[in-house]
$ cat final.txt   # compact mmCIF, C-alpha atoms
# COMPACT_ATOMS: atom_id res chain seq x y z
CA MET A 29 -0.93 -20.77 14.44
CA PRO A 30 -3.19 -17.89 15.57
CA ALA A 31 -6.01 -19.24 17.71
CA TYR A 32 -9.18 -18.10 19.38
CA ASN A 33 -11.94 -20.45 20.60
CA ALA A 34 -10.97 -23.02 17.98
CA GLU A 35 -11.76 -26.28 19.78
CA ARG A 36 -13.91 -27.48 16.85
CA THR A 37 -11.04 -27.66 14.37
CA ILE A 38 -7.65 -27.17 16.01
CA GLU A 39 -7.13 -30.87 16.74
CA LEU A 40 -7.44 -31.66 13.01
CA ALA A 41 -4.82 -29.01 12.26
CA LEU A 42 -2.42 -30.15 14.98
CA ARG A 43 -2.84 -33.84 14.20
CA SER A 44 -1.96 -33.18 10.54
CA ILE A 45 1.27 -31.51 11.70
CA ARG A 46 2.22 -34.32 14.09
CA MET A 47 1.59 -36.84 11.27
CA GLN A 48 4.28 -35.23 9.11
CA THR A 49 7.36 -37.32 8.35
CA ILE A 50 9.51 -34.52 9.79
CA ALA A 51 7.32 -34.03 12.87
CA ASP A 52 10.26 -34.40 15.23
CA GLN A 53 11.82 -31.29 13.65
CA ILE A 54 8.71 -29.13 13.99
CA GLU A 55 8.06 -26.57 16.71
CA ILE A 56 4.35 -25.70 17.00
CA LEU A 57 3.55 -22.23 18.28
CA VAL A 58 -0.12 -21.60 19.09
CA ILE A 59 -0.64 -17.90 19.68
CA ASP A 60 -3.88 -17.71 21.61
CA GLY A 61 -6.10 -14.65 21.86
CA GLY A 62 -7.72 -15.57 25.17
CA SER A 63 -9.74 -18.67 24.30
CA THR A 64 -12.41 -19.67 26.80
CA ASP A 65 -13.04 -23.13 25.34
CA ALA A 66 -10.75 -26.20 25.13
CA THR A 67 -8.38 -24.70 22.52
CA ARG A 68 -5.41 -24.38 24.86
CA GLU A 69 -5.89 -27.80 26.43
CA ILE A 70 -5.96 -29.47 23.00
CA ALA A 71 -2.87 -27.54 21.93
CA ARG A 72 -0.99 -28.78 24.99
CA GLN A 73 -1.94 -32.37 24.19
CA TYR A 74 -0.09 -32.01 20.88
CA GLY A 75 3.00 -30.51 22.45
CA ALA A 76 2.40 -27.00 21.24
CA VAL A 77 4.00 -23.98 22.85
CA ILE A 78 1.20 -21.60 23.82
CA LEU A 79 1.91 -17.89 23.53
CA GLU A 80 -0.39 -15.08 24.61
CA ASN A 81 -1.92 -12.67 22.10
CA PRO A 82 -3.42 -9.72 23.99
CA HIS A 83 -4.72 -8.22 20.74
CA ARG A 84 -6.69 -11.39 19.86
CA LEU A 85 -6.62 -10.70 16.11
CA PRO A 86 -4.60 -12.96 13.75
CA GLU A 87 -2.04 -10.51 12.35
CA PRO A 88 -0.62 -9.55 15.78
CA ALA A 89 -0.52 -13.27 16.54
CA LYS A 90 1.62 -13.93 13.47
CA LEU A 91 4.06 -11.25 14.58
CA ILE A 92 4.38 -12.87 18.00
CA GLY A 93 4.93 -16.20 16.28
CA ILE A 94 7.78 -15.17 14.00
CA GLN A 95 9.44 -13.25 16.83
CA ARG A 96 9.51 -16.42 18.96
CA ALA A 97 10.11 -19.05 16.26
CA LYS A 98 13.41 -20.93 16.62
CA GLY A 99 13.53 -22.79 13.32
CA ARG A 100 14.73 -21.77 9.89
CA TYR A 101 11.36 -22.14 8.17
CA VAL A 102 7.97 -20.81 9.24
CA VAL A 103 4.60 -22.24 8.20
CA LYS A 104 1.59 -19.99 8.74
CA GLN A 105 -1.29 -22.37 9.41
CA ASP A 106 -4.72 -21.48 10.74
CA THR A 107 -6.57 -23.60 13.27
CA ASP A 108 -9.07 -24.73 10.64
CA GLU A 109 -6.51 -25.80 8.02
CA GLU A 110 -5.48 -29.45 7.72
CA LEU A 111 -2.46 -30.75 5.82
CA ILE A 112 -3.50 -33.68 3.62
CA ASP A 113 -0.26 -35.69 3.17
CA PRO A 114 2.35 -36.85 5.72
CA ARG A 115 5.16 -35.89 3.31
CA GLN A 116 3.78 -32.45 2.56
CA LEU A 117 6.29 -30.41 4.55
CA GLU A 118 9.16 -32.76 3.73
CA ARG A 119 8.53 -32.13 0.01
CA ARG A 120 8.64 -28.39 0.62
CA ILE A 121 12.01 -28.68 2.40
CA GLU A 122 13.32 -30.67 -0.57
CA PHE A 123 11.93 -27.98 -2.92
CA PHE A 124 13.83 -25.26 -1.05
CA SER A 125 17.02 -27.33 -1.28
CA ARG A 126 16.70 -27.84 -5.05
CA HIS A 127 15.71 -24.22 -5.77
CA PRO A 128 17.73 -21.91 -3.51
CA GLN A 129 16.38 -18.83 -5.31
CA VAL A 130 12.92 -19.63 -3.88
CA ARG A 131 12.34 -18.36 -0.34
CA CYS A 132 8.57 -18.79 -0.06
CA ILE A 133 6.18 -21.62 -0.99
CA VAL A 134 2.39 -21.29 -1.20
CA CYS A 135 -0.09 -24.15 -1.12
CA ASP A 136 -1.83 -24.95 -4.39
CA GLU A 137 -5.46 -25.15 -3.28
CA GLN A 138 -7.73 -24.81 -0.26
CA ARG A 139 -10.20 -27.66 -0.43
CA PRO A 140 -13.58 -27.04 1.18
CA ASP A 141 -14.84 -29.15 4.06
CA LEU A 142 -17.73 -31.12 2.58
CA ASN A 143 -19.65 -30.63 5.83
CA GLY A 144 -19.33 -26.86 5.66
CA GLY A 145 -22.05 -24.28 5.23
CA ILE A 146 -23.61 -22.71 2.17
CA SER A 147 -20.69 -20.29 1.69
CA THR A 148 -17.87 -22.79 2.28
CA HIS A 149 -17.15 -23.65 -1.35
CA TYR A 150 -17.07 -19.99 -2.38
CA LEU A 151 -14.86 -18.98 0.55
CA CYS A 152 -12.31 -21.72 -0.03
CA THR A 153 -12.14 -21.17 -3.78
CA TYR A 154 -12.27 -17.39 -4.07
CA GLY A 155 -11.83 -15.97 -0.58
CA ASP A 156 -14.13 -13.02 -1.11
CA PRO A 157 -15.66 -11.18 -4.11
CA PHE A 158 -13.03 -8.45 -3.96
CA THR A 159 -10.20 -10.99 -4.23
CA PHE A 160 -12.07 -12.83 -6.99
CA PHE A 161 -12.34 -9.65 -9.03
CA VAL A 162 -8.78 -8.41 -8.50
CA TYR A 163 -7.08 -11.75 -9.20
CA ARG A 164 -9.70 -13.36 -11.46
CA GLN A 165 -9.09 -16.19 -9.03
CA LYS A 166 -9.44 -19.78 -10.22
CA GLU A 167 -9.61 -23.01 -8.24
CA ASN A 168 -5.92 -23.11 -7.35
CA ILE A 169 -2.70 -21.11 -7.49
CA LEU A 170 -1.16 -22.88 -10.46
CA ARG A 171 -4.22 -22.31 -12.62
CA THR A 172 -4.60 -18.69 -11.53
CA PHE A 173 -0.92 -17.91 -12.21
CA LYS A 174 -0.34 -20.33 -15.06
CA ALA A 175 1.43 -17.67 -17.13
CA ALA A 176 3.98 -17.15 -14.34
CA VAL A 177 5.19 -20.78 -14.26
CA SER A 178 8.77 -20.62 -15.51
CA GLU A 179 10.24 -23.91 -14.37
CA ARG A 180 8.81 -27.35 -13.63
CA ASP A 181 10.52 -29.93 -11.46
CA GLY A 182 8.20 -32.92 -11.41
CA ASN A 183 5.12 -31.69 -9.55
CA ALA A 184 6.98 -28.65 -8.25
CA CYS A 185 6.85 -25.32 -10.05
CA VAL A 186 8.79 -22.08 -9.82
CA LEU A 187 6.65 -19.01 -10.55
CA ARG A 188 8.40 -15.81 -11.63
CA PHE A 189 7.06 -12.28 -11.47
CA ALA A 190 8.05 -8.93 -12.94
CA PRO A 191 7.53 -5.64 -11.07
CA GLY A 192 3.84 -4.73 -11.16
CA ASP A 193 2.60 -8.31 -11.68
CA LEU A 194 -0.14 -9.69 -9.50
CA MET A 195 1.30 -12.28 -7.15
CA PRO A 196 -0.23 -15.12 -5.09
CA ILE A 197 -1.78 -14.35 -1.73
CA GLY A 198 0.36 -15.80 1.04
CA ASP A 199 -1.38 -14.51 4.16
CA GLY A 200 -2.02 -18.00 5.51
CA ALA A 201 -3.13 -21.36 4.10
CA THR A 202 0.16 -22.97 5.27
CA THR A 203 2.39 -20.55 3.35
CA MET A 204 5.98 -21.47 4.20
CA PHE A 205 8.97 -19.12 4.11
CA ASP A 206 12.66 -19.05 5.00
CA LEU A 207 12.76 -17.04 8.23
CA GLN A 208 16.55 -17.13 8.42
CA TRP A 209 16.83 -15.51 4.97
CA VAL A 210 14.11 -12.98 5.85
CA LYS A 211 16.01 -11.84 8.94
CA GLU A 212 19.13 -11.35 6.84
CA HIS A 213 17.40 -9.34 4.09
CA PHE A 214 14.72 -7.24 5.81
CA ALA A 215 15.59 -4.90 8.65
CA ASP A 216 11.89 -4.53 9.52
CA TRP A 217 11.14 -8.27 9.63
CA ASN A 218 9.81 -8.09 13.20
CA THR A 219 7.21 -5.36 12.60
CA GLN A 220 3.47 -5.61 12.15
CA GLN A 221 3.67 -4.03 8.71
CA PHE A 222 6.12 -6.67 7.51
CA VAL A 223 4.06 -9.55 8.87
CA CYS A 224 1.03 -8.38 6.88
CA ALA A 225 3.10 -8.32 3.69
CA THR A 226 5.62 -11.10 4.28
CA SER A 227 4.93 -13.11 1.15
CA SER A 228 4.60 -10.11 -1.16
CA ARG A 229 7.84 -8.63 0.21
CA ILE A 230 9.63 -11.93 -0.40
CA PHE A 231 8.15 -12.30 -3.90
CA ALA A 232 9.15 -8.75 -4.79
CA GLU A 233 12.69 -9.24 -3.48
CA THR A 234 13.31 -12.62 -5.14
CA GLY A 235 11.01 -12.28 -8.15
CA CYS A 236 9.69 -15.78 -7.60
CA CYS A 237 7.86 -18.25 -5.39
CA GLY A 238 7.29 -21.98 -5.27
CA CYS A 239 4.17 -24.12 -5.56
CA ILE A 240 3.71 -27.89 -5.76
CA THR A 241 0.82 -29.49 -7.66
CA GLY A 242 -1.52 -31.13 -5.17
CA ASP A 243 0.09 -29.41 -2.19
CA ASP A 244 -3.35 -28.64 -0.79
CA VAL A 245 -5.00 -28.05 2.57
CA ILE A 246 -8.52 -28.80 3.72
CA HIS A 247 -10.22 -25.70 5.08
CA HIS A 248 -12.61 -26.76 7.84
CA THR A 249 -14.72 -23.63 7.87
CA ARG A 250 -18.44 -23.76 8.57
CA ALA A 251 -19.00 -20.62 6.51
CA THR A 252 -22.72 -20.32 7.08
CA PHE A 253 -24.33 -17.50 5.15
CA SER A 254 -24.50 -15.17 8.15
CA GLY A 255 -21.01 -16.23 9.28
CA TYR A 256 -19.54 -15.48 5.87
CA LEU A 257 -21.17 -12.05 5.79
CA ALA A 258 -19.54 -11.37 9.16
CA LYS A 259 -16.18 -12.35 7.65
CA LEU A 260 -16.76 -9.94 4.77
CA ARG A 261 -17.49 -7.14 7.25
CA PHE A 262 -14.31 -8.03 9.12
CA ARG A 263 -12.22 -7.78 5.95
CA VAL A 264 -13.80 -4.52 4.83
CA ILE A 265 -13.13 -2.88 8.19
CA ASN A 266 -9.51 -4.04 8.20
CA ASN A 267 -8.86 -2.81 4.67
CA LEU A 268 -10.43 0.58 5.35
CA PHE A 269 -9.32 1.35 8.90
CA HIS A 270 -6.67 -1.11 10.05
CA LYS A 271 -4.34 -1.34 7.07
CA GLU A 272 -1.48 -2.51 9.26
CA GLU A 273 -3.56 -5.67 9.85
CA SER A 274 -4.83 -6.01 6.28
CA GLY A 275 -3.14 -8.35 3.82
CA PHE A 276 -4.55 -6.68 0.72
CA SER A 277 -3.61 -3.16 1.80
CA ALA A 278 -0.14 -4.35 2.73
CA ARG A 279 0.35 -6.00 -0.66
CA ALA A 280 -0.94 -2.92 -2.47
CA SER A 281 1.43 -0.67 -0.54
CA GLN A 282 4.36 -2.75 -1.75
CA GLN A 283 3.36 -2.27 -5.38
CA PRO A 284 1.66 1.14 -5.68
CA ARG A 285 1.83 1.09 -9.48
CA SER A 286 0.61 -2.45 -9.99
CA ARG A 287 -2.80 -3.75 -10.94
CA TYR A 288 -3.63 -4.03 -7.23
CA THR A 289 -4.39 -0.32 -7.08
CA SER A 290 -6.25 0.07 -10.37
CA ARG A 291 -8.46 -2.97 -9.86
CA LYS A 292 -9.32 -1.84 -6.33
CA TYR A 293 -11.20 1.13 -7.76
CA LEU A 294 -12.64 -0.83 -10.66
CA PHE A 295 -14.34 -3.19 -8.20
CA VAL A 296 -16.95 -0.55 -7.35
CA LEU A 297 -17.55 0.05 -11.06
CA TYR A 298 -17.86 -3.71 -11.56
CA ALA A 299 -20.59 -3.84 -8.92
CA ALA A 300 -22.33 -0.76 -10.35
CA THR A 301 -22.74 -2.44 -13.74
CA LEU A 302 -25.10 -4.98 -12.13
CA VAL A 303 -24.66 -7.22 -15.16
CA GLY A 304 -21.05 -8.16 -14.36
CA PRO A 305 -21.68 -9.77 -10.95
CA LEU A 306 -24.84 -11.49 -12.19
CA VAL A 307 -23.09 -12.97 -15.24
CA ASP A 308 -20.19 -14.12 -13.07
CA SER A 309 -22.62 -15.72 -10.61
CA ILE A 310 -24.21 -17.80 -13.35
CA ARG A 311 -20.85 -18.64 -14.89
CA LEU A 312 -19.42 -19.81 -11.57
CA ALA A 313 -22.51 -21.91 -10.78
CA LEU A 314 -22.30 -23.64 -14.16
CA HIS A 315 -18.54 -24.13 -13.98
CA HIS A 316 -18.61 -25.65 -10.50
CA LYS A 317 -21.99 -27.34 -10.92
CA ASP A 318 -22.87 -25.77 -7.58
CA THR A 319 -25.88 -23.50 -7.11
CA THR A 320 -24.32 -21.92 -3.99
CA MET A 321 -22.02 -20.01 -6.36
CA LEU A 322 -25.06 -18.01 -7.47
CA LEU A 323 -24.60 -16.07 -4.23
CA HIS A 324 -21.54 -14.36 -5.73
CA PHE A 325 -23.57 -11.31 -6.73
CA VAL A 326 -25.01 -11.07 -3.19
CA TYR A 327 -21.50 -11.07 -1.74
CA VAL A 328 -20.42 -8.37 -4.22
CA TYR A 329 -23.24 -6.00 -3.32
CA TYR A 330 -22.98 -6.71 0.39
CA THR A 331 -19.26 -5.87 0.29
CA CYS A 332 -20.03 -2.58 -1.49
CA LEU A 333 -22.73 -1.73 1.04
CA CYS A 334 -20.28 -2.38 3.88
CA ILE A 335 -17.70 -0.11 2.25
CA ALA A 336 -20.26 2.69 1.86
CA TRP A 337 -21.67 2.27 5.37
CA TYR A 338 -18.33 2.21 7.17
CA LEU A 339 -16.98 5.15 5.19
CA LEU A 340 -20.09 7.09 6.19
CA ARG A 341 -19.51 6.14 9.82
CA ALA A 342 -15.94 7.36 9.52
CA LEU A 343 -17.14 10.71 8.16
CA LEU A 344 -19.44 10.96 11.17
CA GLY A 345 -16.52 10.32 13.49
CA ARG A 346 -17.54 6.77 14.40
CA PRO A 347 -15.10 4.42 12.64
CA PRO A 348 -15.66 0.74 13.53
CA GLU A 349 -13.16 -1.62 15.11
CA ASN A 350 -12.67 -5.34 14.69
CA LYS A 351 -12.82 -7.03 18.09
CA THR A 352 -12.85 -10.70 17.10
CA TYR A 353 -12.10 -12.93 14.17
CA GLY A 354 -14.64 -12.99 11.36
CA LYS A 355 -16.37 -16.35 11.38
$ encode --input "final.txt" --output "structure tokens"
Amino acid sequence: MPAYNAERTIELALRSIRMQTIADQIEILVIDGGSTDATREIARQYGAVILENPHRLPEPAKLIGIQRAKGRYVVKQDTDEELIDPRQLERRIEFFSRHPQVRCIVCDEQRPDLNGGISTHYLCTYGDPFTFFVYRQKENILRTFKAAVSERDGNACVLRFAPGDLMPIGDGATTMFDLQWVKEHFADWNTQQFVCATSSRIFAETGCCGCITGDDVIHHTRATFSGYLAKLRFRVINNLFHKEESGFSARASQQPRSRYTSRKYLFVLYAATLVGPLVDSIRLALHHKDTTMLLHFVYVYYTCLCIAWYLLRALLGRPPENKTYGK
């Protein structure tokens, strides 16, 4: 669990872990980037092991976490993500046992905190406009990748992928993987590059992943308008200048001939049409019955402006750096 000044939400995340039916088998590692609030104190109250992250950012924290983890399975959970069912992780362990070909499980949906800001629903459902465009993201994993479902076992599903297929994003959101198997199959498992592409590397190696209907998490993000724009800037900078810390760039590098690469360039064309983002904004607002979705076109153009601005800065010899988490 990467952490930095997360006192507002980390207790919800930790409590949801300690409420699991297999809580006595769980080791909680909170990798803290130098919090100055009560984050560390709260983590101690829940029996977490606190590790230091001198780089502050989440991807280095995840590397520290998997290097120190003692258990067979790793769950990547952010400080603002809450498990919703006490049997959630137990069901995943049972899934792994029944389907030994599956080495990674992704959650089905990130549910928005109803007390969040104006951008909360959009963030939880689509992540960002770039991800929405590339994946044609829907409300949850099983709807987005419906065509990939090859086997159903009650509420559990095995998704299979061919080389070049788009695959689920497993950067966080309580993605769970078999660390023991990873160590046996990837010589570079303890590198920053691998951590950024863990799920895509596993999917590519096994050709499959697991997902359970209703295996959801609540995302307690405030996502105010200004805060969400800051998050978009954060992601743009990482994808352009810090690819070793960028999930999308890492996934694209694993599949250079997939639709990741082609759709990356088409995104700018999509924005340039003007009509595409506007039509999608209206469509999303009607589908969700939520007027905040009309901001989709704003997010699209803001992302494009950030790309243009930071590329210009790079040409002038002043590339930006990400110092803190996007909020």
$ residues_around --input "final.txt" --residues "Val134 in chain A" --least-positions-apart "2" --cutoff "10 Å" --atoms "only C-alpha atoms" --output "PyMOL selection string"
chain A and resi 103+120+132+136-137+169+196-205+227+237-240+243-244
$ closest_residue --input "final.txt" --among "A:Cys185, A:Ala71, A:Leu322, A:Ile94" --to "Leu306 in chain A" --atoms "only C-alpha atoms"
A:Leu322
$ residues_around --input "final.txt" --residues "Pro348 in chain A" --least-positions-apart "5" --cutoff "12 Å" --atoms "only C-alpha atoms" --output "PyMOL selection string"
chain A and resi 261-270+334-335+337-343
$ closest_residue --input "final.txt" --among "A:Ile146, A:Leu91, A:Pro128, A:His324" --to "Thr226 in chain A" --atoms "all atoms listed in the file"
A:Leu91
$ closest_residue --input "final.txt" --among "A:Gln208, A:Ser228, A:Thr153, A:Gln105" --to "Met29 in chain A" --atoms "only C-alpha atoms"
A:Gln105
$ atom_distance --input "final.txt" --atom1 "CA of Arg43 in chain A" --atom2 "CA of Glu87 in chain A"
23.4 Å
$ closest_residue --input "final.txt" --among "A:Thr219, A:Thr148, A:Gly155, A:Glu179" --to "Thr252 in chain A" --atoms "only C-alpha atoms"
A:Thr148
$ residues_near_point --input "final.txt" --point "(-11.3, -18.5, 24.0)" --cutoff "10 Å" --atoms "all atoms listed in the file" --output "list in words"
Ala31, Tyr32, Asn33, Ala34, Glu35, Asp60, Gly61, Gly62, Ser63, Thr64, Asp65, Ala66, Thr67, Arg68 and Arg84 of chain A
$ residues_around --input "final.txt" --residues "Lys98 in chain A" --least-positions-apart "6" --cutoff "12 Å" --atoms "all atoms listed in the file" --output "list in words"
Gln53, Ile54, Glu55, Ile56, Leu57, Val77, Asp206, Leu207 and Gln208 of chain A
$ residues_around --input "final.txt" --residues "range 254-257 of chain A" --least-positions-apart "4" --cutoff "9 Å" --atoms "all atoms listed in the file" --output "NGL selection string"
:A and (147-148 or 151 or 250 or 261-262 or 327 or 330-331 or 354-355)
$ closest_residue --input "final.txt" --among "A:Ala190, A:Val328, A:Met47, A:Ala313" --to "Glu110 in chain A" --atoms "all atoms listed in the file"
A:Met47
$ atom_distance --input "final.txt" --atom1 "CA of Arg139 in chain A" --atom2 "CA of Lys259 in chain A"
18.3 Å
$ closest_residue --input "final.txt" --among "A:Leu117, A:Ala97, A:Leu111, A:Leu297" --to "Thr49 in chain A" --atoms "all atoms listed in the file"
A:Leu117
$ residues_around --input "final.txt" --residues "Asn218 in chain A" --least-positions-apart "5" --cutoff "10 Å" --atoms "all atoms listed in the file" --output "list in words"
Leu91, Ile92, Gly93, Ile94, Gln95, Val210, Lys211 and Val223 of chain A
$ atom_distance --input "final.txt" --atom1 "CA of Ile112 in chain A" --atom2 "CA of Ile246 in chain A"
7.0 Å
